[in-house]
Amino acid sequence: MKIYTKTGDSGTTSLIGGERVAKCDPRVEAYGTVDELMAFVALMTDTLTEDARTASFAEPLQRIESQLMTASALFAVGEGGEDKVKPIAEEHIEGLERSIDAMQQELPAITKFTIPGGHRAVSLCHVCRTVCRRAERAALRAGEVYAVDSSATRYLNRLSDYLYTLGRCVTERLKVTERLWIP
């Protein structure tokens with residue numbers, strides 16, 4: 001199978017189901033941003049595995065990547081593909097919530113906003129969080145025009161909370177000074 005098809009040379013692409021749309025279609029923007037997020041999550045995972053104090057996060061992050069692939073596919077559904085991708089199961093969203101709760105047990109309470117930085121791994125957590133928020137906004141824009149699966153947008157919303165908490169947890173495990181915004 002060839003990687004290039006030349007069918008996109010005119011600025012269009014196919015969605016699941018065969019519908020051809022512009023590459024700037026809101027659904028393409030949504031699944032493309034999730035694809036970007038997956039790449040950043042992979043980079044973050046690779047970085048976290050370099051240190052024994054944070055390596056335990058790799059396995060959950062690999063499961064998250066799988067769910068992101070599902071979210072991407074859900075945003076890529078077009079006419080004729082409505083029943084080809086199953087929604088993200090509620091158990092995966094609840095799993096993120098349980099993970100957030102467990103990580104928060106390791107963390108001191110804060111009353112100020114966190115400023116990213118202090119260590120490359122911490123910064124990558126926040127890069128992933130911000131790309132996740134952008135993917136969520138893209139999904140919501142797509143949902144204003146097309147039927148978008150709500151499980152995928154809910155998953156992204158919860159995932160950004162998870163990534164924020166992960167950044168704080170990585171800060172704690174690496175003994176980095178947490179930077180708080182003090183206006």
# chains A, B, ... in the order shown; residues from 1 in each chain; ligands from 1
>>> select_by_dssp(residues="stretch 7-177 of chain A", states="strand (DSSP E)", output="PDB file with all heavy atoms, in the first residue's frame")
ATOM      1  N   THR A  12      -8.654  18.317  -0.156  1.00  0.00           N
ATOM      2  CA  THR A  12      -9.737  17.564   0.475  1.00  0.00           C
ATOM      3  C   THR A  12      -9.187  16.269   1.056  1.00  0.00           C
ATOM      4  O   THR A  12      -8.097  15.824   0.711  1.00  0.00           O
ATOM      5  CB  THR A  12     -10.875  17.236  -0.518  1.00  0.00           C
ATOM      6  OG1 THR A  12     -10.367  16.383  -1.544  1.00  0.00           O
ATOM      7  CG2 THR A  12     -11.479  18.496  -1.118  1.00  0.00           C
ATOM      8  N   THR A  13      -9.977  15.672   1.939  1.00  0.00           N
ATOM      9  CA  THR A  13      -9.626  14.396   2.547  1.00  0.00           C
ATOM     10  C   THR A  13     -10.905  13.605   2.770  1.00  0.00           C
ATOM     11  O   THR A  13     -11.997  14.168   2.706  1.00  0.00           O
ATOM     12  CB  THR A  13      -8.849  14.603   3.875  1.00  0.00           C
ATOM     13  OG1 THR A  13      -8.303  13.356   4.300  1.00  0.00           O
ATOM     14  CG2 THR A  13      -9.728  15.202   4.958  1.00  0.00           C
ATOM     15  N   SER A  14     -10.760  12.325   3.020  1.00  0.00           N
ATOM     16  CA  SER A  14     -11.930  11.471   3.261  1.00  0.00           C
ATOM     17  C   SER A  14     -12.113  11.242   4.753  1.00  0.00           C
ATOM     18  O   SER A  14     -11.152  11.037   5.488  1.00  0.00           O
ATOM     19  CB  SER A  14     -11.759  10.103   2.594  1.00  0.00           C
ATOM     20  OG  SER A  14     -11.821  10.230   1.206  1.00  0.00           O
ATOM     21  N   ARG A  20     -16.023  13.129   1.414  1.00  0.00           N
ATOM     22  CA  ARG A  20     -14.851  13.973   1.168  1.00  0.00           C
ATOM     23  C   ARG A  20     -15.160  15.376   1.668  1.00  0.00           C
ATOM     24  O   ARG A  20     -16.225  15.927   1.400  1.00  0.00           O
ATOM     25  CB  ARG A  20     -14.472  13.989  -0.311  1.00  0.00           C
ATOM     26  CG  ARG A  20     -13.914  12.618  -0.710  1.00  0.00           C
ATOM     27  CD  ARG A  20     -12.954  12.633  -1.867  1.00  0.00           C
ATOM     28  NE  ARG A  20     -11.744  13.389  -1.733  1.00  0.00           N
ATOM     29  CZ  ARG A  20     -10.618  12.944  -1.144  1.00  0.00           C
ATOM     30  NH1 ARG A  20     -10.580  11.752  -0.585  1.00  0.00           N
ATOM     31  NH2 ARG A  20      -9.542  13.698  -1.117  1.00  0.00           N
ATOM     32  N   VAL A  21     -14.202  15.933   2.400  1.00  0.00           N
ATOM     33  CA  VAL A  21     -14.374  17.274   2.963  1.00  0.00           C
ATOM     34  C   VAL A  21     -13.082  18.056   2.800  1.00  0.00           C
ATOM     35  O   VAL A  21     -12.014  17.485   2.565  1.00  0.00           O
ATOM     36  CB  VAL A  21     -14.761  17.207   4.462  1.00  0.00           C
ATOM     37  CG1 VAL A  21     -16.097  16.492   4.656  1.00  0.00           C
ATOM     38  CG2 VAL A  21     -13.677  16.551   5.299  1.00  0.00           C
ATOM     39  N   ALA A  22     -13.186  19.357   2.975  1.00  0.00           N
ATOM     40  CA  ALA A  22     -12.003  20.216   2.935  1.00  0.00           C
ATOM     41  C   ALA A  22     -11.093  19.881   4.114  1.00  0.00           C
ATOM     42  O   ALA A  22     -11.565  19.541   5.198  1.00  0.00           O
ATOM     43  CB  ALA A  22     -12.423  21.679   2.987  1.00  0.00           C
ATOM     44  N   THR A 114      -0.899  27.441  38.870  1.00  0.00           N
ATOM     45  CA  THR A 114       0.418  26.872  38.634  1.00  0.00           C
ATOM     46  C   THR A 114       1.007  27.471  37.362  1.00  0.00           C
ATOM     47  O   THR A 114       0.320  27.584  36.348  1.00  0.00           O
ATOM     48  CB  THR A 114       0.312  25.344  38.453  1.00  0.00           C
ATOM     49  OG1 THR A 114      -0.287  24.795  39.620  1.00  0.00           O
ATOM     50  CG2 THR A 114       1.665  24.712  38.240  1.00  0.00           C
ATOM     51  N   ILE A 115       2.273  27.827  37.425  1.00  0.00           N
ATOM     52  CA  ILE A 115       2.991  28.289  36.237  1.00  0.00           C
ATOM     53  C   ILE A 115       3.848  27.114  35.761  1.00  0.00           C
ATOM     54  O   ILE A 115       4.619  26.552  36.540  1.00  0.00           O
ATOM     55  CB  ILE A 115       3.870  29.513  36.547  1.00  0.00           C
ATOM     56  CG1 ILE A 115       2.982  30.683  36.976  1.00  0.00           C
ATOM     57  CG2 ILE A 115       4.730  29.883  35.347  1.00  0.00           C
ATOM     58  CD1 ILE A 115       3.747  31.916  37.411  1.00  0.00           C
TER      59      ILE A 115
END
>>> residues_around(residues="stretch 72-84 of chain A", least_positions_apart="6", cutoff="6 Å", atoms="only C-alpha atoms", output="ChimeraX atom specification")
/A:15-17,19,27,31,34
>>> atom_distance(atom1="atom CA of A:Met38", atom2="atom CA of A:Ile100")
19.3 Å
>>> closest_residue(among="A:Lys86, A:Pro183, A:Pro108, A:Arg133", to="A:Asp149", atoms="only C-alpha atoms")
A:Lys86
>>> closest_residue(among="A:Lys2, A:Arg154, A:Lys23, A:Arg168", to="A:Gln67", atoms="only C-alpha atoms")
A:Arg154
>>> select_by_dssp(residues="stretch 80-143 of chain A", states="alpha helix (DSSP H)", output="PyMOL selection string")
chain A and resi 90-104+120-143
>>> closest_residue(among="A:Leu159, A:Cys169, A:Ile3, A:Ala121", to="A:Arg134", atoms="only C-alpha atoms")
A:Leu159
>>> atom_distance(atom1="atom CA of A:Thr7", atom2="atom CA of A:Met69")
23.0 Å
>>> residues_around(residues="stretch 117-120 of chain A", least_positions_apart="5", cutoff="9 Å", atoms="only C-alpha atoms", output="VMD selection string")
chain A and resid 47 125 to 126 171 174 176 to 179
>>> residues_around(residues="A:Arg158", least_positions_apart="3", cutoff="9 Å", atoms="only C-alpha atoms", output="PyMOL selection string")
chain A and resi 93-94+96-97+153-155+161-163
>>> write_last_selection(atoms="N, CA and C atoms", output="mmCIF file, in the first residue's frame")
data_model
loop_
_atom_site.group_PDB
_atom_site.id
_atom_site.type_symbol
_atom_site.label_atom_id
_atom_site.label_comp_id
_atom_site.auth_asym_id
_atom_site.auth_seq_id
_atom_site.Cartn_x
_atom_site.Cartn_y
_atom_site.Cartn_z
ATOM 1 N N ILE A 93 -13.493 7.410 31.102
ATOM 2 C CA ILE A 93 -13.620 8.750 31.675
ATOM 3 C C ILE A 93 -13.538 8.654 33.196
ATOM 4 N N GLU A 94 -14.244 7.690 33.753
ATOM 5 C CA GLU A 94 -14.200 7.481 35.209
ATOM 6 C C GLU A 94 -12.800 7.072 35.653
ATOM 7 N N LEU A 96 -10.013 8.150 34.381
ATOM 8 C CA LEU A 96 -9.244 9.387 34.506
ATOM 9 C C LEU A 96 -9.555 10.076 35.830
ATOM 10 N N GLU A 97 -10.829 10.093 36.196
ATOM 11 C CA GLU A 97 -11.230 10.727 37.454
ATOM 12 C C GLU A 97 -10.581 10.027 38.650
ATOM 13 N N THR A 153 -15.552 14.460 23.526
ATOM 14 C CA THR A 153 -15.326 15.783 24.102
ATOM 15 C C THR A 153 -15.249 15.705 25.626
ATOM 16 N N ARG A 154 -16.058 14.862 26.236
ATOM 17 C CA ARG A 154 -15.994 14.687 27.684
ATOM 18 C C ARG A 154 -14.650 14.085 28.086
ATOM 19 N N TYR A 155 -14.146 13.133 27.304
ATOM 20 C CA TYR A 155 -12.854 12.522 27.585
ATOM 21 C C TYR A 155 -11.751 13.586 27.528
ATOM 22 N N ASP A 161 -7.701 17.893 32.738
ATOM 23 C CA ASP A 161 -7.578 17.922 34.204
ATOM 24 C C ASP A 161 -6.540 16.907 34.678
ATOM 25 N N TYR A 162 -6.551 15.739 34.069
ATOM 26 C CA TYR A 162 -5.572 14.698 34.397
ATOM 27 C C TYR A 162 -4.155 15.205 34.111
ATOM 28 N N LEU A 163 -3.961 15.825 32.961
ATOM 29 C CA LEU A 163 -2.622 16.286 32.571
ATOM 30 C C LEU A 163 -2.131 17.405 33.484
#
>>> atom_distance(atom1="atom CA of A:Ala42", atom2="atom CA of A:Val131")
13.1 Å
